file target.pdb (PDB, C-alpha atoms)
MODEL        1
ATOM      1  CA  MET A   1     185.568  47.167 -19.621
ATOM      2  CA  SER A   2     184.251  44.885 -22.375
ATOM      3  CA  ARG A   3     181.592  42.249 -21.860
ATOM      4  CA  ASP A   4     183.939  39.564 -23.241
ATOM      5  CA  TRP A   5     186.629  40.496 -20.723
ATOM      6  CA  PHE A   6     184.162  40.410 -17.848
ATOM      7  CA  ALA A   7     182.804  37.046 -18.985
ATOM      8  CA  GLY A   8     186.351  35.736 -19.074
ATOM      9  CA  VAL A   9     186.982  36.888 -15.521
ATOM     10  CA  LEU A  10     183.805  35.176 -14.332
ATOM     11  CA  ALA A  11     184.764  31.965 -16.098
ATOM     12  CA  ALA A  12     188.231  32.009 -14.555
ATOM     13  CA  LEU A  13     186.808  32.706 -11.122
ATOM     14  CA  ALA A  14     184.337  29.849 -11.469
ATOM     15  CA  LEU A  15     187.157  27.464 -12.359
ATOM     16  CA  CYS A  16     189.127  28.584  -9.322
ATOM     17  CA  LEU A  17     186.221  28.256  -6.907
ATOM     18  CA  ALA A  18     184.662  25.060  -8.244
ATOM     19  CA  PRO A  19     187.101  22.650  -6.561
ATOM     20  CA  LEU A  20     186.686  24.417  -3.220
ATOM     21  CA  ALA A  21     182.902  24.459  -3.404
ATOM     22  CA  ALA A  22     182.497  20.919  -4.664
ATOM     23  CA  THR A  23     185.071  19.007  -2.622
ATOM     24  CA  PRO A  24     183.979  17.630   0.769
ATOM     25  CA  ALA A  25     186.225  18.022   3.767
ATOM     26  CA  THR A  26     189.185  15.655   3.769
ATOM     27  CA  PRO A  27     188.516  12.392   5.630
ATOM     28  CA  GLY A  28     190.746  11.373   8.466
ATOM     29  CA  ALA A  29     192.482   8.073   8.913
ATOM     30  CA  ASP A  30     189.397   6.522  10.509
ATOM     31  CA  GLY A  31     187.306   7.215   7.382
ATOM     32  CA  ALA A  32     185.358  10.083   8.924
ATOM     33  CA  THR A  33     185.874  13.794   8.587
ATOM     34  CA  SER A  34     187.243  15.450  11.716
ATOM     35  CA  ALA A  35     185.235  18.260  13.255
ATOM     36  CA  SER A  36     188.052  20.733  12.646
ATOM     37  CA  ASP A  37     188.215  19.757   8.970
ATOM     38  CA  VAL A  38     184.489  20.360   8.615
ATOM     39  CA  VAL A  39     184.859  23.815  10.175
ATOM     40  CA  SER A  40     187.738  24.639   7.821
ATOM     41  CA  ALA A  41     185.790  23.426   4.801
ATOM     42  CA  ALA A  42     182.710  25.423   5.812
ATOM     43  CA  ARG A  43     184.727  28.602   6.258
ATOM     44  CA  GLY A  44     186.519  28.028   2.969
ATOM     45  CA  TYR A  45     183.206  27.604   1.171
ATOM     46  CA  ARG A  46     181.927  30.821   2.751
ATOM     47  CA  ALA A  47     185.088  32.672   1.701
ATOM     48  CA  SER A  48     184.695  31.469  -1.888
ATOM     49  CA  LEU A  49     181.221  33.004  -1.991
ATOM     50  CA  ASP A  50     182.587  36.284  -0.637
ATOM     51  CA  HIS A  51     184.971  36.385  -3.602
ATOM     52  CA  LEU A  52     182.184  35.611  -6.061
ATOM     53  CA  LEU A  53     179.645  38.145  -4.783
ATOM     54  CA  PRO A  54     181.292  41.347  -6.142
ATOM     55  CA  PHE A  55     181.363  39.844  -9.634
ATOM     56  CA  ARG A  56     177.673  38.992  -9.427
ATOM     57  CA  GLU A  57     176.916  42.509  -8.183
ATOM     58  CA  HIS A  58     178.942  44.054 -10.998
ATOM     59  CA  ALA A  59     177.132  41.883 -13.536
ATOM     60  CA  VAL A  60     173.800  43.235 -12.297
ATOM     61  CA  THR A  61     175.039  46.823 -12.501
ATOM     62  CA  ARG A  62     176.261  46.343 -16.068
ATOM     63  CA  ALA A  63     173.085  44.549 -17.129
ATOM     64  CA  ARG A  64     170.922  47.261 -15.568
ATOM     65  CA  GLU A  65     172.846  49.976 -17.410
ATOM     66  CA  THR A  66     172.536  48.098 -20.688
ATOM     67  CA  ALA A  67     168.815  47.498 -20.222
ATOM     68  CA  PHE A  68     168.252  51.176 -19.452
ATOM     69  CA  ALA A  69     170.209  52.216 -22.540
ATOM     70  CA  ARG A  70     168.241  49.796 -24.734
ATOM     71  CA  ARG A  71     164.956  51.164 -23.420
ATOM     72  CA  GLN A  72     166.065  54.682 -24.271
ATOM     73  CA  LEU A  73     167.182  53.649 -27.746
ATOM     74  CA  LEU A  74     163.897  51.826 -28.281
ATOM     75  CA  ALA A  75     161.957  54.932 -27.283
ATOM     76  CA  ASP A  76     164.031  56.974 -29.742
ATOM     77  CA  GLY A  77     163.489  54.444 -32.506
ATOM     78  CA  LEU A  78     167.181  53.514 -32.590
ATOM     79  CA  ALA A  79     166.880  49.943 -31.303
ATOM     80  CA  SER A  80     164.495  47.095 -31.965
ATOM     81  CA  ARG A  81     162.059  45.756 -29.406
ATOM     82  CA  ARG A  82     163.881  42.432 -29.594
ATOM     83  CA  GLU A  83     167.162  44.076 -28.546
ATOM     84  CA  ALA A  84     165.430  45.685 -25.589
ATOM     85  CA  GLU A  85     163.832  42.374 -24.596
ATOM     86  CA  ILE A  86     167.183  40.576 -24.720
ATOM     87  CA  ALA A  87     168.720  43.240 -22.479
ATOM     88  CA  GLU A  88     165.858  42.870 -19.996
ATOM     89  CA  GLN A  89     166.256  39.089 -20.043
ATOM     90  CA  ARG A  90     169.977  39.371 -19.315
ATOM     91  CA  LEU A  91     169.227  41.735 -16.459
ATOM     92  CA  ALA A  92     166.753  39.246 -14.993
ATOM     93  CA  GLU A  93     169.333  36.466 -15.313
ATOM     94  CA  ALA A  94     172.021  38.563 -13.615
ATOM     95  CA  GLU A  95     169.656  39.471 -10.781
ATOM     96  CA  ALA A  96     168.697  35.814 -10.348
ATOM     97  CA  ALA A  97     172.364  34.818 -10.191
ATOM     98  CA  LEU A  98     173.022  37.498  -7.575
ATOM     99  CA  SER A  99     170.041  36.368  -5.500
ATOM    100  CA  ALA A 100     171.271  32.781  -5.698
ATOM    101  CA  ALA A 101     174.733  33.806  -4.492
ATOM    102  CA  GLN A 102     173.245  35.789  -1.611
ATOM    103  CA  ALA A 103     171.071  32.815  -0.644
ATOM    104  CA  GLU A 104     174.121  30.548  -0.728
ATOM    105  CA  ILE A 105     175.958  32.936   1.581
ATOM    106  CA  VAL A 106     173.115  32.745   4.096
ATOM    107  CA  GLN A 107     173.182  28.952   3.857
ATOM    108  CA  ALA A 108     176.979  28.928   4.158
ATOM    109  CA  ASP A 109     176.753  31.003   7.336
ATOM    110  CA  ARG A 110     174.435  28.381   8.789
ATOM    111  CA  MET A 111     176.838  25.645   7.744
ATOM    112  CA  VAL A 112     179.743  27.428   9.440
ATOM    113  CA  ALA A 113     177.660  27.687  12.612
ATOM    114  CA  GLU A 114     176.684  24.023  12.375
ATOM    115  CA  ALA A 115     180.246  22.886  11.728
ATOM    116  CA  THR A 116     181.562  24.989  14.608
ATOM    117  CA  ALA A 117     178.890  23.566  16.882
ATOM    118  CA  ALA A 118     179.803  20.045  15.777
ATOM    119  CA  ALA A 119     183.321  20.675  17.027
ATOM    120  CA  VAL A 120     181.876  21.815  20.361
ATOM    121  CA  LEU A 121     179.617  18.755  20.578
ATOM    122  CA  ALA A 122     182.548  16.465  19.873
ATOM    123  CA  SER A 123     184.223  17.763  23.023
ATOM    124  CA  LEU A 124     181.185  17.151  25.252
ATOM    125  CA  PRO A 125     180.364  13.891  27.044
ATOM    126  CA  PRO A 126     177.487  11.723  25.735
ATOM    127  CA  THR A 127     174.037  12.660  27.006
ATOM    128  CA  LYS A 128     170.955  10.657  27.949
ATOM    129  CA  PRO A 129     167.507  11.115  26.378
ATOM    130  CA  GLY A 130     165.698  14.077  27.898
ATOM    131  CA  THR A 131     168.948  15.935  28.576
ATOM    132  CA  ILE A 132     169.433  19.538  27.488
ATOM    133  CA  THR A 133     172.909  21.020  27.033
ATOM    134  CA  VAL A 134     173.492  24.769  26.786
ATOM    135  CA  THR A 135     176.702  26.518  25.690
ATOM    136  CA  PRO A 136     177.270  30.082  24.457
ATOM    137  CA  LEU A 137     177.072  28.820  20.866
ATOM    138  CA  LEU A 138     174.339  26.211  21.005
ATOM    139  CA  THR A 139     171.527  24.501  22.848
ATOM    140  CA  ARG A 140     171.130  20.772  22.370
ATOM    141  CA  PHE A 141     168.154  18.684  23.419
ATOM    142  CA  ARG A 142     168.333  14.927  23.069
ATOM    143  CA  GLY A 143     164.795  13.684  22.712
ATOM    144  CA  SER A 144     163.397  10.220  23.253
ATOM    145  CA  ARG A 145     161.077  10.261  20.238
ATOM    146  CA  GLU A 146     162.230   8.877  16.916
ATOM    147  CA  TRP A 147     162.270  11.663  14.340
ATOM    148  CA  SER A 148     161.860  11.499  10.583
ATOM    149  CA  LEU A 149     160.929  13.960   7.854
ATOM    150  CA  ALA A 150     157.460  12.393   7.892
ATOM    151  CA  HIS A 151     156.865  14.472  11.047
ATOM    152  CA  VAL A 152     157.602  17.784   9.318
ATOM    153  CA  PRO A 153     153.889  18.598   8.727
ATOM    154  CA  SER A 154     153.214  18.530  12.469
ATOM    155  CA  VAL A 155     155.983  21.083  13.068
ATOM    156  CA  GLU A 156     154.696  23.261  10.245
ATOM    157  CA  ARG A 157     151.160  23.062  11.601
ATOM    158  CA  PHE A 158     152.224  24.071  15.116
ATOM    159  CA  PHE A 159     154.260  27.002  13.841
ATOM    160  CA  SER A 160     151.645  28.354  11.433
ATOM    161  CA  GLU A 161     148.898  28.117  14.050
ATOM    162  CA  ARG A 162     151.079  29.865  16.628
ATOM    163  CA  PHE A 163     152.600  32.607  14.472
ATOM    164  CA  HIS A 164     150.189  32.801  11.517
ATOM    165  CA  HIS A 165     152.855  32.388   8.869
ATOM    166  CA  ALA A 166     154.745  29.509   7.329
ATOM    167  CA  LEU A 167     157.622  27.777   9.065
ATOM    168  CA  PRO A 168     160.811  29.330   7.586
ATOM    169  CA  VAL A 169     162.527  26.113   6.519
ATOM    170  CA  SER A 170     166.062  26.760   5.296
ATOM    171  CA  ALA A 171     167.101  23.151   4.643
ATOM    172  CA  LEU A 172     164.925  20.066   4.338
ATOM    173  CA  GLY A 173     166.912  16.866   4.170
ATOM    174  CA  GLN A 174     170.187  16.660   2.286
ATOM    175  CA  THR A 175     171.390  19.788   0.469
ATOM    176  CA  PRO A 176     174.376  20.528  -1.802
ATOM    177  CA  ALA A 177     175.953  22.501   1.042
ATOM    178  CA  HIS A 178     175.829  19.459   3.328
ATOM    179  CA  ASP A 179     177.250  17.333   0.512
ATOM    180  CA  ARG A 180     180.195  19.719   0.188
ATOM    181  CA  LEU A 181     181.006  19.332   3.869
ATOM    182  CA  GLY A 182     180.459  15.583   4.001
ATOM    183  CA  LEU A 183     177.554  15.852   6.465
ATOM    184  CA  ASP A 184     174.555  13.521   6.464
ATOM    185  CA  HIS A 185     171.493  15.772   6.733
ATOM    186  CA  ARG A 186     169.028  13.390   5.060
ATOM    187  CA  ASN A 187     166.815  13.035   8.116
ATOM    188  CA  ALA A 188     166.990  16.573   9.489
ATOM    189  CA  MET A 189     165.414  19.967   8.934
ATOM    190  CA  ASP A 190     166.819  23.443   9.554
ATOM    191  CA  VAL A 191     164.552  26.330  10.511
ATOM    192  CA  ALA A 192     165.708  29.917   9.996
ATOM    193  CA  VAL A 193     164.807  31.344  13.394
ATOM    194  CA  HIS A 194     167.144  32.645  16.067
ATOM    195  CA  PRO A 195     166.908  30.413  19.146
ATOM    196  CA  ASP A 196     166.605  33.441  21.440
ATOM    197  CA  SER A 197     163.737  34.995  19.461
ATOM    198  CA  PRO A 198     160.094  34.446  20.491
ATOM    199  CA  GLU A 199     159.666  32.114  17.516
ATOM    200  CA  GLY A 200     162.809  30.179  18.357
ATOM    201  CA  GLN A 201     161.887  29.868  22.018
ATOM    202  CA  ALA A 202     158.366  28.674  21.206
ATOM    203  CA  LEU A 203     159.647  26.168  18.662
ATOM    204  CA  MET A 204     162.197  24.696  21.066
ATOM    205  CA  THR A 205     159.643  24.473  23.879
ATOM    206  CA  TRP A 206     157.245  22.620  21.588
ATOM    207  CA  LEU A 207     159.973  20.264  20.335
ATOM    208  CA  ARG A 208     160.981  19.417  23.903
ATOM    209  CA  ALA A 209     157.360  18.717  24.814
ATOM    210  CA  GLN A 210     157.141  16.389  21.809
ATOM    211  CA  GLY A 211     160.395  14.653  22.731
ATOM    212  CA  VAL A 212     162.040  15.669  19.448
ATOM    213  CA  SER A 213     165.802  16.172  19.372
ATOM    214  CA  PHE A 214     167.132  19.517  18.190
ATOM    215  CA  LEU A 215     170.214  21.691  18.031
ATOM    216  CA  ALA A 216     169.807  25.451  18.273
ATOM    217  CA  PHE A 217     172.717  27.449  16.871
ATOM    218  CA  ARG A 218     173.281  31.030  17.951
ATOM    219  CA  GLY A 219     176.062  31.562  15.425
ATOM    220  CA  ALA A 220     179.607  30.506  14.680
ATOM    221  CA  ILE A 221     181.028  33.290  16.869
ATOM    222  CA  THR A 222     179.805  34.141  20.352
ATOM    223  CA  GLY A 223     177.820  37.372  20.268
ATOM    224  CA  GLU A 224     177.137  37.248  16.519
ATOM    225  CA  ALA A 225     173.838  35.971  15.114
ATOM    226  CA  THR A 226     175.195  35.078  11.667
ATOM    227  CA  GLY A 227     174.142  31.528  10.834
ATOM    228  CA  ALA A 228     171.694  31.229  13.729
ATOM    229  CA  HIS A 229     169.017  28.562  13.207
ATOM    230  CA  VAL A 230     167.316  25.553  14.773
ATOM    231  CA  HIS A 231     168.269  22.111  13.470
ATOM    232  CA  ILE A 232     165.500  19.560  14.071
ATOM    233  CA  GLY A 233     166.612  15.956  14.364
ATOM    234  CA  GLU A 234     169.798  14.316  15.535
ATOM    235  CA  PRO A 235     173.113  16.095  14.849
ATOM    236  CA  SER A 236     174.220  15.534  11.263
ATOM    237  CA  PRO A 237     176.796  12.720  11.342
ATOM    238  CA  ARG A 238     179.897  12.985   9.210
ATOM    239  CA  ARG A 239     179.785  10.644   6.262
ATOM    240  CA  ALA A 240     182.495   8.063   5.800
ATOM    241  CA  ALA A 241     184.731   8.556   2.789
ATOM    242  CA  ARG A 242     183.676   6.828  -0.393
ATOM    243  CA  ALA A 243     185.816   3.965  -1.489
ATOM    244  CA  GLY A 244     187.979   4.496  -4.530
TER     245      GLY A 244
ENDMDL
END
call {"tool": "encode", "arguments": {"input": "target.pdb", "output": "structure tokens"}}
result
Amino acid sequence: MSRDWFAGVLAALALCLAPLAATPATPGADGATSASDVVSAARGYRASLDHLLPFREHAVTRARETAFARRQLLADGLASRREAEIAEQRLAEAEAALSAAQAEIVQADRMVAEATAAAVLASLPPTKPGTITVTPLLTRFRGSREWSLAHVPSVERFFSERFHHALPVSALGQTPAHDRLGLDHRNAMDVAVHPDSPEGQALMTWLRAQGVSFLAFRGAITGEATGAHVHIGEPSPRRAARAG
């Protein structure tokens, strides 16, 4: 399999996946994206990454083989140091691309969970401040305190003092993934802890004591932890469609 052929396959795949990854969910007649459309878009985005991952993995395998061969040739005096360095650089680039794809998959799983939970929330009656709602997929607390990203340091301080390591923030404010799904996440923060873990339980207890709203996602599917995280702030509203 030649490098040119493989590069062509990657280019074709990128062209196929780009519209899916870059296009927000289709707005409804009222100018807002329906919860079911957001779920479909999130799952489609996740599926596109599943298709991309094997190509990224293969690229790493090929680059690793090439780098190894160049090192051997260099040791035997049959290749220049520059050729070996280029091979090592390409390996590093392939590994970085694979890591980025894997990170996007983790983020996509969280987005699927969040989109699925949004559909659940849409079916529930409005709640009053101080109310906590628990379903198999999520726990929602509606706090009375106004939240903004300016309060992030206080959350980080609590967590680091309690658990002696940094708060595992997975999304701070708006991200490309939220853009793709048409969700407004500008004033929210996601924390990569399972709500049923000791860290998740402690974080939610502290947030409730502070009167800070949160959504805790156990996953997109009952019984599976994929995408589990704690969203701090109000639920991400769906953005209205842009004019034109």
call {"tool": "atom_distance", "arguments": {"input": "target.pdb", "atom1": "CA of Glu146 in chain A", "atom2": "CA of Ala119 in chain A"}}
result
24.2 Å
call {"tool": "resolve_selection", "arguments": {"input": "target.pdb", "expression": "the PyMOL selection byres ((chain A and resi 85) around 12)", "output": "ChimeraX atom specification"}}
result
/A:66-71,74,79-84,86-92
call {"tool": "atom_distance", "arguments": {"input": "target.pdb", "atom1": "CA of Ser123 in chain A", "atom2": "CA of Ala216 in chain A"}}
result
17.0 Å
call {"tool": "closest_residue", "arguments": {"input": "target.pdb", "among": "A:His231, A:Leu172, A:Ile105, A:Thr139", "to": "Leu121 in chain A", "atoms": "only C-alpha atoms"}}
result
A:Thr139
call {"tool": "atom_distance", "arguments": {"input": "target.pdb", "atom1": "CA of Leu183 in chain A", "atom2": "CA of Ile232 in chain A"}}
result
14.7 Å
call {"tool": "resolve_selection", "arguments": {"input": "target.pdb", "expression": "the PyMOL selection byres ((chain A and resi 101) around 8)", "output": "ChimeraX atom specification"}}
result
/A:49,52-53,56,97-100,102-105
call {"tool": "residues_around", "arguments": {"input": "target.pdb", "residues": "Phe163 in chain A", "least_positions_apart": "3", "cutoff": "10 Å", "atoms": "all atoms listed in the file", "output": "JSON, numbers by chain"}}
result
{"A": [158, 159, 160, 166, 167, 198, 199, 202]}
call {"tool": "resolve_selection", "arguments": {"input": "target.pdb", "expression": "the PyMOL selection byres ((chain A and resi 186) around 12)", "output": "PDB file with C-alpha atoms, keeping the file's coordinate frame"}}
result
ATOM      1  CA  TRP A 147     162.270  11.663  14.340  1.00  0.00           C
ATOM      2  CA  SER A 148     161.860  11.499  10.583  1.00  0.00           C
ATOM      3  CA  LEU A 149     160.929  13.960   7.854  1.00  0.00           C
ATOM      4  CA  ALA A 150     157.460  12.393   7.892  1.00  0.00           C
ATOM      5  CA  ALA A 171     167.101  23.151   4.643  1.00  0.00           C
ATOM      6  CA  LEU A 172     164.925  20.066   4.338  1.00  0.00           C
ATOM      7  CA  GLY A 173     166.912  16.866   4.170  1.00  0.00           C
ATOM      8  CA  GLN A 174     170.187  16.660   2.286  1.00  0.00           C
ATOM      9  CA  THR A 175     171.390  19.788   0.469  1.00  0.00           C
ATOM     10  CA  PRO A 176     174.376  20.528  -1.802  1.00  0.00           C
ATOM     11  CA  HIS A 178     175.829  19.459   3.328  1.00  0.00           C
ATOM     12  CA  ASP A 179     177.250  17.333   0.512  1.00  0.00           C
ATOM     13  CA  GLY A 182     180.459  15.583   4.001  1.00  0.00           C
ATOM     14  CA  LEU A 183     177.554  15.852   6.465  1.00  0.00           C
ATOM     15  CA  ASP A 184     174.555  13.521   6.464  1.00  0.00           C
ATOM     16  CA  HIS A 185     171.493  15.772   6.733  1.00  0.00           C
ATOM     17  CA  ASN A 187     166.815  13.035   8.116  1.00  0.00           C
ATOM     18  CA  ALA A 188     166.990  16.573   9.489  1.00  0.00           C
ATOM     19  CA  MET A 189     165.414  19.967   8.934  1.00  0.00           C
ATOM     20  CA  ASP A 190     166.819  23.443   9.554  1.00  0.00           C
ATOM     21  CA  ILE A 232     165.500  19.560  14.071  1.00  0.00           C
ATOM     22  CA  GLY A 233     166.612  15.956  14.364  1.00  0.00           C
ATOM     23  CA  GLU A 234     169.798  14.316  15.535  1.00  0.00           C
ATOM     24  CA  PRO A 235     173.113  16.095  14.849  1.00  0.00           C
ATOM     25  CA  SER A 236     174.220  15.534  11.263  1.00  0.00           C
ATOM     26  CA  PRO A 237     176.796  12.720  11.342  1.00  0.00           C
ATOM     27  CA  ARG A 238     179.897  12.985   9.210  1.00  0.00           C
ATOM     28  CA  ARG A 239     179.785  10.644   6.262  1.00  0.00           C
TER      29      ARG A 239
END
call {"tool": "axis_aligned_box", "arguments": {"input": "target.pdb", "around": "range 116-127 of chain A", "padding_each_side": "4 Å", "output": "lines of an AutoDock Vina configuration file"}}
result
center_x = 179.1
center_y = 18.4
center_z = 20.8
size_x = 18.2
size_y = 21.3
size_z = 20.4
call {"tool": "closest_atom_pairs", "arguments": {"input": "target.pdb", "of": "range 130-167 of chain A", "to": "range 208-214 of chain A", "cutoff": "12 Å", "atoms": "all atoms listed in the file", "output": "CSV"}}
result
residue,atom,partner,partner_atom,distance
A:Gly130,CA,A:Gly211,CA,7.4
A:Thr131,CA,A:Ser213,CA,9.7
A:Ile132,CA,A:Arg208,CA,9.2
A:Thr133,CA,A:Phe214,CA,10.7
A:Val134,CA,A:Phe214,CA,11.9
A:Leu138,CA,A:Phe214,CA,10.2
A:Thr139,CA,A:Phe214,CA,8.1
A:Arg140,CA,A:Phe214,CA,5.9
A:Phe141,CA,A:Ser213,CA,5.3
A:Arg142,CA,A:Ser213,CA,4.7
A:Gly143,CA,A:Ser213,CA,4.3
A:Ser144,CA,A:Gly211,CA,5.4
A:Arg145,CA,A:Gly211,CA,5.1
A:Glu146,CA,A:Val212,CA,7.3
A:Trp147,CA,A:Val212,CA,6.5
A:Ser148,CA,A:Val212,CA,9.8
A:Leu149,CA,A:Val212,CA,11.8
A:His151,CA,A:Val212,CA,9.9
A:Val152,CA,A:Val212,CA,11.3
A:Ser154,CA,A:Gln210,CA,10.4
A:Val155,CA,A:Gln210,CA,10.0
A:Phe158,CA,A:Gln210,CA,11.3
call {"tool": "closest_residue", "arguments": {"input": "target.pdb", "among": "A:Gly77, A:Gly44, A:Pro168, A:Pro126", "to": "Leu203 in chain A", "atoms": "all atoms listed in the file"}}
result
A:Pro168
call {"tool": "closest_residue", "arguments": {"input": "target.pdb", "among": "A:Leu73, A:Ala228, A:Ala108, A:Ala118", "to": "Val193 in chain A", "atoms": "all atoms listed in the file"}}
result
A:Ala228
call {"tool": "decode", "arguments": {"input": "target.pdb", "residues": "range 61-104 of chain A", "atoms": "C-alpha atoms", "output": "compact mmCIF listing (two decimals), in the first residue's frame"}}
result
# COMPACT_ATOMS: atom_id res chain seq x y z
CA THR A 61 1.56 2.02 12.46
CA ARG A 62 2.99 2.96 9.07
CA ALA A 63 4.91 5.93 10.47
CA ARG A 64 6.32 3.80 13.29
CA GLU A 65 7.51 1.16 10.81
CA THR A 66 9.11 3.81 8.62
CA ALA A 67 10.83 5.48 11.56
CA PHE A 68 12.20 2.14 12.75
CA ALA A 69 13.50 1.34 9.27
CA ARG A 70 15.16 4.75 8.98
CA ARG A 71 16.88 4.28 12.34
CA GLN A 72 18.23 0.94 11.19
CA LEU A 73 19.44 2.39 7.90
CA LEU A 74 21.06 5.29 9.75
CA ALA A 75 22.88 2.87 12.04
CA ASP A 76 24.10 0.95 8.98
CA GLY A 77 25.23 4.14 7.27
CA LEU A 78 22.63 3.76 4.51
CA ALA A 79 20.46 6.77 5.39
CA SER A 80 21.18 10.32 6.43
CA ARG A 81 20.40 11.69 9.87
CA ARG A 82 18.02 14.14 8.21
CA GLU A 83 15.99 11.28 6.71
CA ALA A 84 15.75 9.64 10.12
CA GLU A 85 14.68 12.93 11.73
CA ILE A 86 11.95 13.46 9.13
CA ALA A 87 10.62 9.95 9.77
CA GLU A 88 10.56 10.61 13.52
CA GLN A 89 8.77 13.92 12.95
CA ARG A 90 6.12 12.22 10.82
CA LEU A 91 5.65 9.60 13.50
CA ALA A 92 5.15 12.31 16.13
CA GLU A 93 2.62 14.05 13.87
CA ALA A 94 0.71 10.81 13.28
CA GLU A 95 0.64 10.05 17.00
CA ALA A 96 -0.59 13.58 17.75
CA ALA A 97 -3.36 13.20 15.17
CA LEU A 98 -4.40 9.88 16.70
CA SER A 99 -4.43 11.38 20.20
CA ALA A 100 -6.55 14.26 18.94
CA ALA A 101 -9.05 11.86 17.38
CA GLN A 102 -9.24 9.82 20.59
CA ALA A 103 -9.79 13.00 22.61
CA GLU A 104 -12.56 14.05 20.22
